[in-house]
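Since the structure comes first, as C-alpha cells, the remarks are kept for the end.
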Amino acid sequence: PGSFWGDRVRNTIADQLPAIRHWQIVEGSYADLTVDPGPATWFIDPPYRDAGKHYHHGAADIDYHHLAEWCTTRPGQVIVCEAASADWLPFESLGGIKTTRATVRSAEAVWIRP
C-alpha cells in the first residue's frame, strides 16, 4: 500500500512540502542543464547502463564516460545511483533491494563523492 500513489503516499508528500518546497527539479538531459545553482545536493539517477534497455527512453544514447565526468564536476554533494554491474564510476554495492515483483531483487549500487 505504501509503494504506489495511494492516500498514504500522497499524504506523506503533502506533509513534507514545507521541507522541500525550495527544491528545483529539472527534467531533461543533464547535458542541456543551464541552471547553475552553486553548491547543491545532486541526486543523479540515469537510466542504468545495462538495465536501461527496459526503459521507454533507454540507455543506448547515453555517453556514460561523459556523464561520469559531468557527475564528478558538480558543486556540492553528489549521489549517483546505478546497478551493481556498472563501472563508469567507482560504485559501491548497496545490496539486493526488493522490487515490486515478489521474487525479484535488484542489485543496486551508489557512488557518493567522497
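The chains in the C-alpha cells are called A, B, ... from first to last as shown; in each chain the residues are counted from 1, and the ligands are counted from 1 in the order shown.
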Going by DSSP on the backbone, which bits of segment 10-109 of chain A are strand (DSSP E or B)? Write them as a PDB file with all heavy atoms, in the first residue's frame, please.
ATOM      1  N   ALA A  40      25.095  22.336  -4.219  1.00  0.00           N
ATOM      2  CA  ALA A  40      23.770  21.743  -4.014  1.00  0.00           C
ATOM      3  C   ALA A  40      23.960  20.270  -3.710  1.00  0.00           C
ATOM      4  O   ALA A  40      25.072  19.753  -3.763  1.00  0.00           O
ATOM      5  CB  ALA A  40      22.913  21.928  -5.271  1.00  0.00           C
ATOM      6  N   THR A  41      22.879  19.581  -3.423  1.00  0.00           N
ATOM      7  CA  THR A  41      22.899  18.131  -3.369  1.00  0.00           C
ATOM      8  C   THR A  41      22.360  17.639  -4.697  1.00  0.00           C
ATOM      9  O   THR A  41      21.236  17.961  -5.075  1.00  0.00           O
ATOM     10  CB  THR A  41      22.043  17.591  -2.207  1.00  0.00           C
ATOM     11  OG1 THR A  41      22.604  18.064  -0.980  1.00  0.00           O
ATOM     12  CG2 THR A  41      22.010  16.079  -2.212  1.00  0.00           C
ATOM     13  N   TRP A  42      23.182  16.907  -5.412  1.00  0.00           N
ATOM     14  CA  TRP A  42      22.827  16.393  -6.730  1.00  0.00           C
ATOM     15  C   TRP A  42      22.487  14.916  -6.587  1.00  0.00           C
ATOM     16  O   TRP A  42      23.337  14.109  -6.215  1.00  0.00           O
ATOM     17  CB  TRP A  42      24.001  16.544  -7.688  1.00  0.00           C
ATOM     18  CG  TRP A  42      24.409  17.954  -7.921  1.00  0.00           C
ATOM     19  CD1 TRP A  42      25.220  18.719  -7.129  1.00  0.00           C
ATOM     20  CD2 TRP A  42      24.025  18.777  -9.015  1.00  0.00           C
ATOM     21  NE1 TRP A  42      25.369  19.961  -7.671  1.00  0.00           N
ATOM     22  CE2 TRP A  42      24.640  20.031  -8.832  1.00  0.00           C
ATOM     23  CE3 TRP A  42      23.222  18.576 -10.136  1.00  0.00           C
ATOM     24  CZ2 TRP A  42      24.481  21.079  -9.730  1.00  0.00           C
ATOM     25  CZ3 TRP A  42      23.064  19.614 -11.024  1.00  0.00           C
ATOM     26  CH2 TRP A  42      23.686  20.854 -10.816  1.00  0.00           C
ATOM     27  N   PHE A  43      21.239  14.561  -6.870  1.00  0.00           N
ATOM     28  CA  PHE A  43      20.820  13.166  -6.853  1.00  0.00           C
ATOM     29  C   PHE A  43      20.640  12.771  -8.311  1.00  0.00           C
ATOM     30  O   PHE A  43      19.712  13.245  -8.987  1.00  0.00           O
ATOM     31  CB  PHE A  43      19.524  12.982  -6.069  1.00  0.00           C
ATOM     32  CG  PHE A  43      19.094  11.551  -5.996  1.00  0.00           C
ATOM     33  CD1 PHE A  43      19.743  10.665  -5.142  1.00  0.00           C
ATOM     34  CD2 PHE A  43      18.075  11.084  -6.796  1.00  0.00           C
ATOM     35  CE1 PHE A  43      19.366   9.331  -5.087  1.00  0.00           C
ATOM     36  CE2 PHE A  43      17.680   9.757  -6.740  1.00  0.00           C
ATOM     37  CZ  PHE A  43      18.337   8.882  -5.881  1.00  0.00           C
ATOM     38  N   ILE A  44      21.535  11.951  -8.814  1.00  0.00           N
ATOM     39  CA  ILE A  44      21.579  11.612 -10.234  1.00  0.00           C
ATOM     40  C   ILE A  44      21.212  10.146 -10.394  1.00  0.00           C
ATOM     41  O   ILE A  44      21.897   9.263  -9.871  1.00  0.00           O
ATOM     42  CB  ILE A  44      22.977  11.929 -10.808  1.00  0.00           C
ATOM     43  CG1 ILE A  44      23.292  13.420 -10.578  1.00  0.00           C
ATOM     44  CG2 ILE A  44      23.056  11.542 -12.278  1.00  0.00           C
ATOM     45  CD1 ILE A  44      24.737  13.800 -10.740  1.00  0.00           C
ATOM     46  N   GLY A  76      29.139  20.636  -4.761  1.00  0.00           N
ATOM     47  CA  GLY A  76      28.342  20.175  -3.630  1.00  0.00           C
ATOM     48  C   GLY A  76      28.362  18.664  -3.515  1.00  0.00           C
ATOM     49  O   GLY A  76      29.234  17.986  -4.030  1.00  0.00           O
ATOM     50  N   GLN A  77      27.362  18.136  -2.819  1.00  0.00           N
ATOM     51  CA  GLN A  77      27.259  16.694  -2.609  1.00  0.00           C
ATOM     52  C   GLN A  77      26.690  16.035  -3.858  1.00  0.00           C
ATOM     53  O   GLN A  77      25.723  16.534  -4.445  1.00  0.00           O
ATOM     54  CB  GLN A  77      26.353  16.400  -1.424  1.00  0.00           C
ATOM     55  CG  GLN A  77      26.236  14.919  -1.126  1.00  0.00           C
ATOM     56  CD  GLN A  77      25.306  14.625   0.024  1.00  0.00           C
ATOM     57  OE1 GLN A  77      24.352  15.347   0.264  1.00  0.00           O
ATOM     58  NE2 GLN A  77      25.579  13.554   0.749  1.00  0.00           N
ATOM     59  N   VAL A  78      27.269  14.906  -4.257  1.00  0.00           N
ATOM     60  CA  VAL A  78      26.804  14.193  -5.450  1.00  0.00           C
ATOM     61  C   VAL A  78      26.522  12.742  -5.085  1.00  0.00           C
ATOM     62  O   VAL A  78      27.377  12.062  -4.512  1.00  0.00           O
ATOM     63  CB  VAL A  78      27.848  14.256  -6.586  1.00  0.00           C
ATOM     64  CG1 VAL A  78      27.316  13.581  -7.840  1.00  0.00           C
ATOM     65  CG2 VAL A  78      28.246  15.700  -6.883  1.00  0.00           C
ATOM     66  N   ILE A  79      25.315  12.287  -5.424  1.00  0.00           N
ATOM     67  CA  ILE A  79      24.893  10.908  -5.183  1.00  0.00           C
ATOM     68  C   ILE A  79      24.404  10.359  -6.518  1.00  0.00           C
ATOM     69  O   ILE A  79      23.482  10.912  -7.114  1.00  0.00           O
ATOM     70  CB  ILE A  79      23.753  10.852  -4.147  1.00  0.00           C
ATOM     71  CG1 ILE A  79      24.182  11.527  -2.839  1.00  0.00           C
ATOM     72  CG2 ILE A  79      23.302   9.410  -3.922  1.00  0.00           C
ATOM     73  CD1 ILE A  79      23.023  11.828  -1.903  1.00  0.00           C
ATOM     74  N   VAL A  80      25.055   9.293  -6.988  1.00  0.00           N
ATOM     75  CA  VAL A  80      24.692   8.699  -8.273  1.00  0.00           C
ATOM     76  C   VAL A  80      24.273   7.252  -8.048  1.00  0.00           C
ATOM     77  O   VAL A  80      25.001   6.490  -7.413  1.00  0.00           O
ATOM     78  CB  VAL A  80      25.867   8.748  -9.277  1.00  0.00           C
ATOM     79  CG1 VAL A  80      25.434   8.216 -10.641  1.00  0.00           C
ATOM     80  CG2 VAL A  80      26.422  10.166  -9.420  1.00  0.00           C
ATOM     81  N   CYS A  81      23.107   6.886  -8.588  1.00  0.00           N
ATOM     82  CA  CYS A  81      22.585   5.522  -8.459  1.00  0.00           C
ATOM     83  C   CYS A  81      22.819   4.746  -9.749  1.00  0.00           C
ATOM     84  O   CYS A  81      22.766   5.315 -10.838  1.00  0.00           O
ATOM     85  CB  CYS A  81      21.089   5.553  -8.177  1.00  0.00           C
ATOM     86  SG  CYS A  81      20.700   6.347  -6.619  1.00  0.00           S
ATOM     87  N   GLU A  82      23.025   3.454  -9.618  1.00  0.00           N
ATOM     88  CA  GLU A  82      23.208   2.576 -10.781  1.00  0.00           C
ATOM     89  C   GLU A  82      23.006   1.136 -10.329  1.00  0.00           C
ATOM     90  O   GLU A  82      22.805   0.860  -9.141  1.00  0.00           O
ATOM     91  CB  GLU A  82      24.616   2.733 -11.353  1.00  0.00           C
ATOM     92  CG  GLU A  82      24.687   3.235 -12.791  1.00  0.00           C
ATOM     93  CD  GLU A  82      24.250   2.262 -13.879  1.00  0.00           C
ATOM     94  OE1 GLU A  82      23.665   1.197 -13.585  1.00  0.00           O
ATOM     95  OE2 GLU A  82      24.485   2.590 -15.053  1.00  0.00           O
ATOM     96  N   ALA A  83      23.079   0.228 -11.280  1.00  0.00           N
ATOM     97  CA  ALA A  83      23.074  -1.201 -10.964  1.00  0.00           C
ATOM     98  C   ALA A  83      24.479  -1.585 -10.513  1.00  0.00           C
ATOM     99  O   ALA A  83      25.467  -0.951 -10.897  1.00  0.00           O
ATOM    100  CB  ALA A  83      22.667  -2.010 -12.186  1.00  0.00           C
ATOM    101  N   GLU A  92      29.668   1.551  -5.258  1.00  0.00           N
ATOM    102  CA  GLU A  92      29.716   0.602  -4.154  1.00  0.00           C
ATOM    103  C   GLU A  92      28.348  -0.048  -4.015  1.00  0.00           C
ATOM    104  O   GLU A  92      27.322   0.627  -4.090  1.00  0.00           O
ATOM    105  CB  GLU A  92      30.089   1.319  -2.853  1.00  0.00           C
ATOM    106  CG  GLU A  92      31.504   1.869  -2.878  1.00  0.00           C
ATOM    107  CD  GLU A  92      31.913   2.455  -1.547  1.00  0.00           C
ATOM    108  OE1 GLU A  92      31.338   2.050  -0.509  1.00  0.00           O
ATOM    109  OE2 GLU A  92      32.804   3.308  -1.551  1.00  0.00           O
ATOM    110  N   SER A  93      28.356  -1.329  -3.791  1.00  0.00           N
ATOM    111  CA  SER A  93      27.107  -2.081  -3.706  1.00  0.00           C
ATOM    112  C   SER A  93      26.277  -1.656  -2.496  1.00  0.00           C
ATOM    113  O   SER A  93      26.807  -1.420  -1.415  1.00  0.00           O
ATOM    114  CB  SER A  93      27.416  -3.573  -3.614  1.00  0.00           C
ATOM    115  OG  SER A  93      26.205  -4.300  -3.432  1.00  0.00           O
ATOM    116  N   LEU A  94      24.972  -1.563  -2.716  1.00  0.00           N
ATOM    117  CA  LEU A  94      24.029  -1.331  -1.622  1.00  0.00           C
ATOM    118  C   LEU A  94      23.344  -2.632  -1.225  1.00  0.00           C
ATOM    119  O   LEU A  94      22.637  -2.683  -0.236  1.00  0.00           O
ATOM    120  CB  LEU A  94      22.950  -0.317  -2.046  1.00  0.00           C
ATOM    121  CG  LEU A  94      23.398   1.124  -2.187  1.00  0.00           C
ATOM    122  CD1 LEU A  94      22.261   1.965  -2.740  1.00  0.00           C
ATOM    123  CD2 LEU A  94      23.851   1.672  -0.849  1.00  0.00           C
ATOM    124  N   GLY A  95      23.492  -3.657  -2.057  1.00  0.00           N
ATOM    125  CA  GLY A  95      22.868  -4.942  -1.774  1.00  0.00           C
ATOM    126  C   GLY A  95      21.680  -5.188  -2.684  1.00  0.00           C
ATOM    127  O   GLY A  95      21.361  -4.403  -3.574  1.00  0.00           O
ATOM    128  N   GLY A  96      21.005  -6.292  -2.442  1.00  0.00           N
ATOM    129  CA  GLY A  96      19.820  -6.644  -3.213  1.00  0.00           C
ATOM    130  C   GLY A  96      18.598  -5.958  -2.639  1.00  0.00           C
ATOM    131  O   GLY A  96      18.265  -6.152  -1.471  1.00  0.00           O
ATOM    132  N   ILE A  97      17.959  -5.151  -3.447  1.00  0.00           N
ATOM    133  CA  ILE A  97      16.809  -4.377  -2.996  1.00  0.00           C
ATOM    134  C   ILE A  97      15.537  -5.011  -3.549  1.00  0.00           C
ATOM    135  O   ILE A  97      15.460  -5.347  -4.737  1.00  0.00           O
ATOM    136  CB  ILE A  97      16.914  -2.907  -3.476  1.00  0.00           C
ATOM    137  CG1 ILE A  97      18.273  -2.304  -3.101  1.00  0.00           C
ATOM    138  CG2 ILE A  97      15.752  -2.089  -2.960  1.00  0.00           C
ATOM    139  CD1 ILE A  97      18.575  -2.256  -1.633  1.00  0.00           C
ATOM    140  N   LYS A  98      14.530  -5.159  -2.707  1.00  0.00           N
ATOM    141  CA  LYS A  98      13.250  -5.742  -3.118  1.00  0.00           C
ATOM    142  C   LYS A  98      12.617  -4.877  -4.199  1.00  0.00           C
ATOM    143  O   LYS A  98      12.644  -3.649  -4.137  1.00  0.00           O
ATOM    144  CB  LYS A  98      12.320  -5.839  -1.919  1.00  0.00           C
ATOM    145  CG  LYS A  98      11.002  -6.515  -2.224  1.00  0.00           C
ATOM    146  CD  LYS A  98      10.133  -6.544  -0.975  1.00  0.00           C
ATOM    147  CE  LYS A  98       8.786  -7.137  -1.236  1.00  0.00           C
ATOM    148  NZ  LYS A  98       8.051  -6.553  -2.338  1.00  0.00           N
ATOM    149  N   ARG A 105      14.922  -9.374  -6.799  1.00  0.00           N
ATOM    150  CA  ARG A 105      15.686  -8.349  -6.086  1.00  0.00           C
ATOM    151  C   ARG A 105      16.591  -7.660  -7.104  1.00  0.00           C
ATOM    152  O   ARG A 105      17.070  -8.282  -8.035  1.00  0.00           O
ATOM    153  CB  ARG A 105      16.489  -8.959  -4.949  1.00  0.00           C
ATOM    154  CG  ARG A 105      15.563  -9.585  -3.896  1.00  0.00           C
ATOM    155  CD  ARG A 105      16.280 -10.042  -2.679  1.00  0.00           C
ATOM    156  NE  ARG A 105      16.620  -9.007  -1.720  1.00  0.00           N
ATOM    157  CZ  ARG A 105      15.779  -8.423  -0.880  1.00  0.00           C
ATOM    158  NH1 ARG A 105      14.508  -8.729  -0.915  1.00  0.00           N
ATOM    159  NH2 ARG A 105      16.193  -7.535  -0.016  1.00  0.00           N
ATOM    160  N   SER A 106      16.834  -6.392  -6.900  1.00  0.00           N
ATOM    161  CA  SER A 106      17.663  -5.609  -7.807  1.00  0.00           C
ATOM    162  C   SER A 106      19.007  -5.328  -7.130  1.00  0.00           C
ATOM    163  O   SER A 106      19.038  -4.826  -5.996  1.00  0.00           O
ATOM    164  CB  SER A 106      16.947  -4.293  -8.131  1.00  0.00           C
ATOM    165  OG  SER A 106      17.755  -3.477  -8.949  1.00  0.00           O
ATOM    166  N   ALA A 107      20.109  -5.638  -7.813  1.00  0.00           N
ATOM    167  CA  ALA A 107      21.451  -5.398  -7.269  1.00  0.00           C
ATOM    168  C   ALA A 107      21.785  -3.909  -7.489  1.00  0.00           C
ATOM    169  O   ALA A 107      22.208  -3.525  -8.575  1.00  0.00           O
ATOM    170  CB  ALA A 107      22.475  -6.301  -7.957  1.00  0.00           C
ATOM    171  N   GLU A 108      21.585  -3.108  -6.474  1.00  0.00           N
ATOM    172  CA  GLU A 108      21.751  -1.654  -6.572  1.00  0.00           C
ATOM    173  C   GLU A 108      23.113  -1.208  -6.048  1.00  0.00           C
ATOM    174  O   GLU A 108      23.709  -1.858  -5.184  1.00  0.00           O
ATOM    175  CB  GLU A 108      20.657  -0.948  -5.774  1.00  0.00           C
ATOM    176  CG  GLU A 108      19.257  -1.210  -6.273  1.00  0.00           C
ATOM    177  CD  GLU A 108      18.959  -0.558  -7.611  1.00  0.00           C
ATOM    178  OE1 GLU A 108      19.427   0.581  -7.843  1.00  0.00           O
ATOM    179  OE2 GLU A 108      18.265  -1.184  -8.422  1.00  0.00           O
ATOM    180  N   ALA A 109      23.589  -0.082  -6.592  1.00  0.00           N
ATOM    181  CA  ALA A 109      24.872   0.477  -6.182  1.00  0.00           C
ATOM    182  C   ALA A 109      24.762   1.998  -6.155  1.00  0.00           C
ATOM    183  O   ALA A 109      23.832   2.581  -6.730  1.00  0.00           O
ATOM    184  CB  ALA A 109      25.974   0.042  -7.126  1.00  0.00           C
TER     185      ALA A 109
END
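Distance annotation: of A:Ala31, A:Ile20, A:Val110, A:Val26, the residue with the minimal separation from Ser85 of chain A is A:Val110; atom set is only C-alpha atoms.
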- request: Assign secondary structure with DSSP using the backbone only, and return the residues of segment 1-50 of chain A in alpha helix (DSSP H) as a ChimeraX atom specification.
  value: /A:7-20
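Of the residues listed (A:Pro46, A:Ala51, A:His65, A:Thr100), A:Thr100 shows the shortest atom-to-atom separation from Phe4 of chain A; distances use only C-alpha atoms.
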- request: Give the answer as one residue: which of A:Pro37, A:Pro18, A:Pro90, A:Gly6 has the shortest atom-to-atom distance to Pro114 of chain A, using only C-alpha atoms?
  value: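 Comparing A:Pro37, A:Pro18, A:Pro90, A:Gly6 against Pro114 of chain A, the winner is A:Pro90.
The residue that comes closest to Trp88 of chain A, out of A:Tyr48, A:Arg8, A:Tyr55, A:Arg101 and on the basis of only C-alpha atoms, is A:Tyr48.
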task: Using only C-alpha atoms, find the one residue out of A:Asp15, A:Asp7, A:Asp36, A:Asp50 that sits nearest to Ala84 of chain A.
output: A:Asp50
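Going from atom CA of His57 of chain A to atom CA of Arg21 of chain A covers 28.2 Å.
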task: Mind giving me the straight-line distance from atom CA of Thr73 of chain A to atom CA of Pro47 of chain A in Å, one decimal?
output: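 Atom CA of Pro47 of chain A lies 19.7 Å from atom CA of Thr73 of chain A.
Going from atom CA of Gln16 of chain A to atom CA of Pro39 of chain A covers 22.5 Å.
Every protein or nucleic acid residue with an atom no more than 12 Å from Tyr30 of chain A, counting only C-alpha atoms and leaving out same-chain residues fewer than 4 positions away, appears here: A:Ile25, A:Val26, A:Thr34, A:Val35, A:Asp36, A:Trp42, A:Phe43, A:Ile44, A:Asp45, A:Pro46, A:Ile62, A:Asp63, A:Tyr64, A:His66, A:Leu67, A:Ala68, A:Glu69, A:Trp70, A:Cys71, A:Arg74.
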